[in-house]
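Asks: The structure follows.
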Amino acid sequence: MTSSGAPLQAPIGTHDVLGPASAEWEGLIATFAQFAYRFGFSLIISPLFEDVAVFNRGIGEQSDVAKKEMYVFSDRSDRTYALRPEGTASVVRAFVQHQPNTPWKAWYVTPAFRYERPQAGRYRQHHQLGVEVLGTDDPAVDVEVIALAWRFYEALGLRKVRLLINSMGHDDCRDGFVQLLRDHLSSNASKLCDEHGRLWSENPLRVLDCKKEACRAVTDSGPQLPDHLCDECREHFDRVLNGLSALGISATRDPRLVRGFDYYTRTTFEFVSDSIDGAQNAIGGGGRYDKLAEQLGGKPASGIGFGSGIERLLLARTAEGVQQVLLKRDLDIFVVDTTGVDAATPIVDQLRRAGYAVDRAYDGRSMKAQMKVADKSGARLALLLGPQELAGGQITMKDLRNDDFSNSQRTFDLSDLVANIAKQLEE
């Protein structure tokens, strides 16, 4: 036999999630699904890869994500596709293609792919959940989307979360601000950080998002976006802020908050965790994108949404020391079979059909070996079936959480199996 080489590993920037840790993922997703249902959203499942134009038109060809981080490939027919780097563009493409009734409210959970330097809570394949609403520009929808995220974070046990919010205006008022910002950056280009000293002219708004002190000092002394909003956009933003205040949701206005994609208009927002150190403390965010449907070839349709990274949310829970269990995944019963004739299979099937979580041992192991597995399984009860019990049509039940042998173990007829299990688990 020849060796096939060293064991293969998951690609750099990806990770495997195994039980019992995966139960926390299940619980988080199930919690979000319940909130989405309460808020009137339905699940959308869309392809993991799209025509590259979906993302180039959506997030902008000059964005860092499109230029540096997207996984782009050609298929066997020389069509150019990209793996999904974020959730919104695919949902809007589906809206344009299928034209559902509006307002359309959809939620999703998906892997997302970005070629970037892996770090805590940030992977080349990470996982997002989020919502999108298309077909209305009512500020009440902005409030509802932000409130859904806020209530979800509360349900996860997160308490050290802050909401940052801004308005980017629409094309008419933002274009005037961008020109003023461009003139200001041109006069101060030598003072910018190395990256934006070279690239500021491609997208001046990106400089506002820079965390380096050099760029922050330049933009602090320049024009401020909130000062250049038109009356309509200012009124929209005020109604959002008032709506959040009515719900008791505190928001901090941040004029630098422009997010990372070109499709945002008017309301933009971000949730940051004070329990996570460093610049990568955002656990979710989103905003309004009132031109994206048109950019993807559809009719005009306002939209707003948000997304959260699952890994980042779990990191925040750990950092806050949250002990709350989102989903319990303990076994009810473990079946130990030493009959040598696989008597366990019909018993396990009967119990599973009755609604119990059941597992068993395999490979004809000894009673001692099987009981070790049963003890480690976390099951409440063990059912012991040997040749003597099988011959008498009986089975022995042991309560694995009761150390008193006389009270923890008893034998009864197999015909009364489900009734006895139900009685024991109710005690």
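Note on naming: chains are A, B, ... as they come in the structure tokens, residues start from 1 per chain, ligands start from 1 in the order shown.
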Among region 117-268 of chain A, which ones does DSSP place in helix (DSSP H, G or I), written as a PyMOL selection string?
Replies: chain A and resi 139-155+171-187+189-191+194-199+205-208+213-220+225-228+231-246
Asks: Compile the contact shell of Val52 (chain A) as a ChimeraX atom specification: residues with an atom at most 9 Å away, counting only C-alpha atoms, same-chain residues fewer than 4 positions apart removed.
Replies: /A:56-57,72-73,80-83
Asks: Excluding same-chain residues fewer than 5 positions from region 25-37 of chain A, what lies within 7 Å of it counting only C-alpha atoms, as a PyMOL selection string?
Replies: chain A and resi 42+107+152+326-327
Asks: Let me make sure I understand: among A:Glu69, A:Asp16, A:Asp403, A:Glu24, which one has the smallest atom-to-atom distance to Leu315 (chain A) if we use only C-alpha atoms?
Replies: A:Glu24
Asks: To test your reading of the structure, identify every residue in region 100-242 of chain A that backbone DSSP assigns to strand (DSSP E), and report it as an mmCIF file with N, CA and C atoms, in the first residue's frame.
Replies:
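Result written to result.cif:
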data_model
loop_
_atom_site.group_PDB
_atom_site.id
_atom_site.type_symbol
_atom_site.label_atom_id
_atom_site.label_comp_id
_atom_site.auth_asym_id
_atom_site.auth_seq_id
_atom_site.Cartn_x
_atom_site.Cartn_y
_atom_site.Cartn_z
ATOM 1 N N TRP A 104 -41.524 43.619 -0.290
ATOM 2 C CA TRP A 104 -41.028 42.248 -0.205
ATOM 3 C C TRP A 104 -40.030 42.170 0.936
ATOM 4 N N LYS A 105 -40.267 41.254 1.872
ATOM 5 C CA LYS A 105 -39.426 41.137 3.062
ATOM 6 C C LYS A 105 -38.818 39.736 3.092
ATOM 7 N N ALA A 106 -37.502 39.663 2.948
ATOM 8 C CA ALA A 106 -36.820 38.372 2.862
ATOM 9 C C ALA A 106 -35.683 38.311 3.878
ATOM 10 N N TRP A 107 -35.467 37.108 4.441
ATOM 11 C CA TRP A 107 -34.303 36.899 5.295
ATOM 12 C C TRP A 107 -33.468 35.771 4.718
ATOM 13 N N TYR A 108 -32.174 35.742 5.074
ATOM 14 C CA TYR A 108 -31.259 34.745 4.517
ATOM 15 C C TYR A 108 -30.220 34.347 5.553
ATOM 16 N N VAL A 109 -29.630 33.206 5.326
ATOM 17 C CA VAL A 109 -28.424 32.784 6.041
ATOM 18 C C VAL A 109 -27.542 32.113 4.998
ATOM 19 N N THR A 110 -26.272 32.526 4.925
ATOM 20 C CA THR A 110 -25.446 32.084 3.802
ATOM 21 C C THR A 110 -23.959 32.161 4.117
ATOM 22 N N PRO A 111 -23.157 31.295 3.498
ATOM 23 C CA PRO A 111 -21.711 31.554 3.503
ATOM 24 C C PRO A 111 -21.403 32.747 2.605
ATOM 25 N N ALA A 112 -20.345 33.460 2.940
ATOM 26 C CA ALA A 112 -19.858 34.561 2.100
ATOM 27 C C ALA A 112 -18.350 34.425 1.991
ATOM 28 N N PHE A 113 -17.794 34.851 0.863
ATOM 29 C CA PHE A 113 -16.402 34.551 0.550
ATOM 30 C C PHE A 113 -15.638 35.829 0.229
ATOM 31 N N GLN A 125 -13.993 32.257 4.245
ATOM 32 C CA GLN A 125 -15.396 31.841 4.155
ATOM 33 C C GLN A 125 -16.008 32.096 5.530
ATOM 34 N N HIS A 126 -16.856 33.120 5.602
ATOM 35 C CA HIS A 126 -17.571 33.362 6.838
ATOM 36 C C HIS A 126 -19.056 33.167 6.551
ATOM 37 N N HIS A 127 -19.871 33.382 7.559
ATOM 38 C CA HIS A 127 -21.291 33.076 7.418
ATOM 39 C C HIS A 127 -22.109 34.262 7.902
ATOM 40 N N GLN A 128 -23.080 34.639 7.096
ATOM 41 C CA GLN A 128 -23.897 35.816 7.382
ATOM 42 C C GLN A 128 -25.364 35.428 7.495
ATOM 43 N N LEU A 129 -26.076 36.184 8.301
ATOM 44 C CA LEU A 129 -27.534 36.157 8.264
ATOM 45 C C LEU A 129 -28.009 37.596 8.202
ATOM 46 N N GLY A 130 -29.165 37.800 7.592
ATOM 47 C CA GLY A 130 -29.626 39.165 7.422
ATOM 48 C C GLY A 130 -31.018 39.229 6.844
ATOM 49 N N VAL A 131 -31.499 40.453 6.653
ATOM 50 C CA VAL A 131 -32.819 40.683 6.066
ATOM 51 C C VAL A 131 -32.725 41.783 5.026
ATOM 52 N N GLU A 132 -33.681 41.783 4.103
ATOM 53 C CA GLU A 132 -33.808 42.839 3.099
ATOM 54 C C GLU A 132 -35.295 43.144 2.915
ATOM 55 N N VAL A 133 -35.604 44.425 2.747
ATOM 56 C CA VAL A 133 -36.972 44.864 2.421
ATOM 57 C C VAL A 133 -36.886 45.701 1.159
ATOM 58 N N LEU A 134 -37.659 45.344 0.148
ATOM 59 C CA LEU A 134 -37.652 46.089 -1.110
ATOM 60 C C LEU A 134 -39.056 46.538 -1.465
ATOM 61 N N VAL A 161 -23.423 46.457 23.234
ATOM 62 C CA VAL A 161 -23.555 46.756 21.812
ATOM 63 C C VAL A 161 -24.021 48.199 21.655
ATOM 64 N N ARG A 162 -23.393 48.924 20.736
ATOM 65 C CA ARG A 162 -23.789 50.294 20.420
ATOM 66 C C ARG A 162 -24.219 50.384 18.958
ATOM 67 N N LEU A 163 -25.205 51.235 18.718
ATOM 68 C CA LEU A 163 -25.697 51.482 17.358
ATOM 69 C C LEU A 163 -25.150 52.813 16.862
ATOM 70 N N LEU A 164 -24.403 52.776 15.764
ATOM 71 C CA LEU A 164 -23.928 53.975 15.087
ATOM 72 C C LEU A 164 -24.787 54.186 13.846
ATOM 73 N N ILE A 165 -25.131 55.430 13.541
ATOM 74 C CA ILE A 165 -26.053 55.679 12.433
ATOM 75 C C ILE A 165 -25.676 56.965 11.719
ATOM 76 N N ASN A 166 -25.988 57.019 10.425
ATOM 77 C CA ASN A 166 -25.680 58.184 9.596
ATOM 78 C C ASN A 166 -26.673 58.235 8.445
ATOM 79 N N SER A 167 -26.717 59.350 7.767
ATOM 80 C CA SER A 167 -27.434 59.435 6.498
ATOM 81 C C SER A 167 -26.451 59.874 5.421
#
Asks: Between A:Asp175, A:Asp416, A:Glu195, A:Asp375, which one has atoms that come closest to Cys215 (chain A), using only C-alpha atoms?
Replies: A:Glu195
Asks: Please list as a ChimeraX atom specification every residue within 9 Å of Ala149 (chain A), counting only C-alpha atoms and excluding residues in the same chain fewer than 5 positions away.
Replies: /A:32,35,130,144,154,271,284-285,306-308
Asks: Residues within 8 Å of Arg124 (chain A), please, as a list in words. Count only C-alpha atoms; anything in the same chain fewer than 2 positions from it doesn't count.
Replies: Ile12, Gly13, Thr14, Ala112, Phe113, Arg114, Tyr115, Glu116, Arg117, Pro118, Arg122 and His126 of chain A
Asks: Could you write out the selected residues, including N, CA and C atoms, as an mmCIF file, in the first residue's frame?
Replies:
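Written output follows (part.cif):
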data_model
loop_
_atom_site.group_PDB
_atom_site.id
_atom_site.type_symbol
_atom_site.label_atom_id
_atom_site.label_comp_id
_atom_site.auth_asym_id
_atom_site.auth_seq_id
_atom_site.Cartn_x
_atom_site.Cartn_y
_atom_site.Cartn_z
ATOM 1 N N ILE A 12 -6.846 27.703 4.050
ATOM 2 C CA ILE A 12 -6.538 28.850 4.908
ATOM 3 C C ILE A 12 -7.714 29.814 4.916
ATOM 4 N N GLY A 13 -8.069 30.268 6.109
ATOM 5 C CA GLY A 13 -9.162 31.223 6.223
ATOM 6 C C GLY A 13 -10.535 30.591 6.293
ATOM 7 N N THR A 14 -10.597 29.252 6.391
ATOM 8 C CA THR A 14 -11.869 28.567 6.587
ATOM 9 C C THR A 14 -11.775 27.758 7.874
ATOM 10 N N ALA A 112 -20.345 33.460 2.940
ATOM 11 C CA ALA A 112 -19.858 34.561 2.100
ATOM 12 C C ALA A 112 -18.350 34.425 1.991
ATOM 13 N N PHE A 113 -17.794 34.851 0.863
ATOM 14 C CA PHE A 113 -16.402 34.551 0.550
ATOM 15 C C PHE A 113 -15.638 35.829 0.229
ATOM 16 N N ARG A 114 -14.562 36.045 0.952
ATOM 17 C CA ARG A 114 -13.694 37.194 0.670
ATOM 18 C C ARG A 114 -12.241 36.788 0.887
ATOM 19 N N TYR A 115 -11.402 37.117 -0.073
ATOM 20 C CA TYR A 115 -9.983 36.823 0.054
ATOM 21 C C TYR A 115 -9.339 37.957 0.834
ATOM 22 N N GLU A 116 -9.174 37.740 2.131
ATOM 23 C CA GLU A 116 -8.577 38.748 2.994
ATOM 24 C C GLU A 116 -7.764 38.052 4.075
ATOM 25 N N ARG A 117 -7.044 38.834 4.844
ATOM 26 C CA ARG A 117 -6.184 38.247 5.872
ATOM 27 C C ARG A 117 -7.050 37.699 6.999
ATOM 28 N N PRO A 118 -6.968 36.393 7.265
ATOM 29 C CA PRO A 118 -7.784 35.820 8.336
ATOM 30 C C PRO A 118 -7.380 36.394 9.691
ATOM 31 N N ARG A 122 -13.040 36.649 11.615
ATOM 32 C CA ARG A 122 -13.056 37.080 10.212
ATOM 33 C C ARG A 122 -12.357 36.012 9.377
ATOM 34 N N HIS A 126 -16.856 33.120 5.602
ATOM 35 C CA HIS A 126 -17.571 33.362 6.838
ATOM 36 C C HIS A 126 -19.056 33.167 6.551
#
Asks: State, in Å with one decimal place, the distance from CA of Leu158 (chain A) to CA of Leu331 (chain A).
Replies: 28.1 Å
Asks: Rounded to one decimal in Å, what is the spacing between CA of Ala53 (chain A) and CA of Asp290 (chain A)?
Replies: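 We find that CA of Ala53 (chain A) and CA of Asp290 (chain A) lie 18.4 Å from each other.
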Asks: Set the distance at 10 Å and use only C-alpha atoms: which residues neighbour Asp274 (chain A) once local chain neighbours fewer than 6 positions away are removed? I'd like the list as a list in words.
Replies: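 Here the qualifying residues turn out to be Arg159, Lys160, Val161, Arg162, Asn281, Ala282, Ala316, Ala319 and Glu320 of chain A.
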Asks: Grab the residues selected above and save them as a JSON list (two decimals), in the first residue's frame with N, CA and C atoms.
Replies:
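out.json was written with the following content:
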[["chain", "number", "residue", "atom", "x", "y", "z"],
["A", 159, "ARG", "N", -25.13, 42.66, 25.59],
["A", 159, "ARG", "CA", -25.50, 43.90, 26.27],
["A", 159, "ARG", "C", -24.53, 45.04, 25.97],
["A", 160, "LYS", "N", -23.34, 44.72, 25.52],
["A", 160, "LYS", "CA", -22.33, 45.76, 25.27],
["A", 160, "LYS", "C", -22.28, 46.09, 23.78],
["A", 161, "VAL", "N", -23.42, 46.46, 23.23],
["A", 161, "VAL", "CA", -23.55, 46.76, 21.81],
["A", 161, "VAL", "C", -24.02, 48.20, 21.65],
["A", 162, "ARG", "N", -23.39, 48.92, 20.74],
["A", 162, "ARG", "CA", -23.79, 50.29, 20.42],
["A", 162, "ARG", "C", -24.22, 50.38, 18.96],
["A", 281, "ASN", "N", -14.52, 45.52, 15.43],
["A", 281, "ASN", "CA", -15.50, 45.25, 16.48],
["A", 281, "ASN", "C", -16.94, 45.33, 15.99],
["A", 282, "ALA", "N", -17.15, 45.49, 14.68],
["A", 282, "ALA", "CA", -18.50, 45.52, 14.14],
["A", 282, "ALA", "C", -19.09, 44.11, 14.13],
["A", 316, "ALA", "N", -18.52, 37.78, 20.08],
["A", 316, "ALA", "CA", -19.02, 38.79, 21.01],
["A", 316, "ALA", "C", -19.67, 38.13, 22.23],
["A", 319, "ALA", "N", -16.87, 36.95, 24.37],
["A", 319, "ALA", "CA", -16.18, 38.07, 25.01],
["A", 319, "ALA", "C", -16.99, 38.66, 26.16],
["A", 320, "GLU", "N", -18.31, 38.63, 26.05],
["A", 320, "GLU", "CA", -19.15, 39.14, 27.12],
["A", 320, "GLU", "C", -19.38, 38.11, 28.21]]
Asks: Write out as a VMD selection string which residues come within 8 Å of Asp142 (chain A) when counting only C-alpha atoms, dropping same-chain ones fewer than 6 positions away.
Replies: chain A and resid 240 267 287 to 288 304
Asks: For those residues, write C-alpha atoms to a file as a PDB file, in the first residue's frame.
Replies:
ATOM      1  CA  VAL A 240     -35.711  57.314  11.599  1.00  0.00           C
ATOM      2  CA  THR A 267     -29.727  55.613   6.243  1.00  0.00           C
ATOM      3  CA  GLY A 287     -28.438  50.581   5.246  1.00  0.00           C
ATOM      4  CA  ARG A 288     -30.741  51.818   2.544  1.00  0.00           C
ATOM      5  CA  ILE A 304     -32.977  48.492   3.013  1.00  0.00           C
TER       6      ILE A 304
END
Asks: Return the single residue from A:Gly303, A:Gly298, A:Pro103, A:Gly386 that is closest to Thr338 (chain A), with distances computed using only C-alpha atoms.
Replies: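 Closest to Thr338 (chain A), using only C-alpha atoms: A:Gly386.
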Asks: Go ahead and compute the interatomic distance for CA of Phe334 (chain A) and CA of Leu18 (chain A), in Å to one decimal.
Replies: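 Between CA of Phe334 (chain A) and CA of Leu18 (chain A) the gap works out to 20.5 Å.
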Asks: Identify which of the residues A:Ser415, A:Thr318, A:Gln99, A:Gln350 lies closest to Ser273 (chain A), counting only C-alpha atoms when measuring atom-to-atom distances.
Replies: A:Thr318
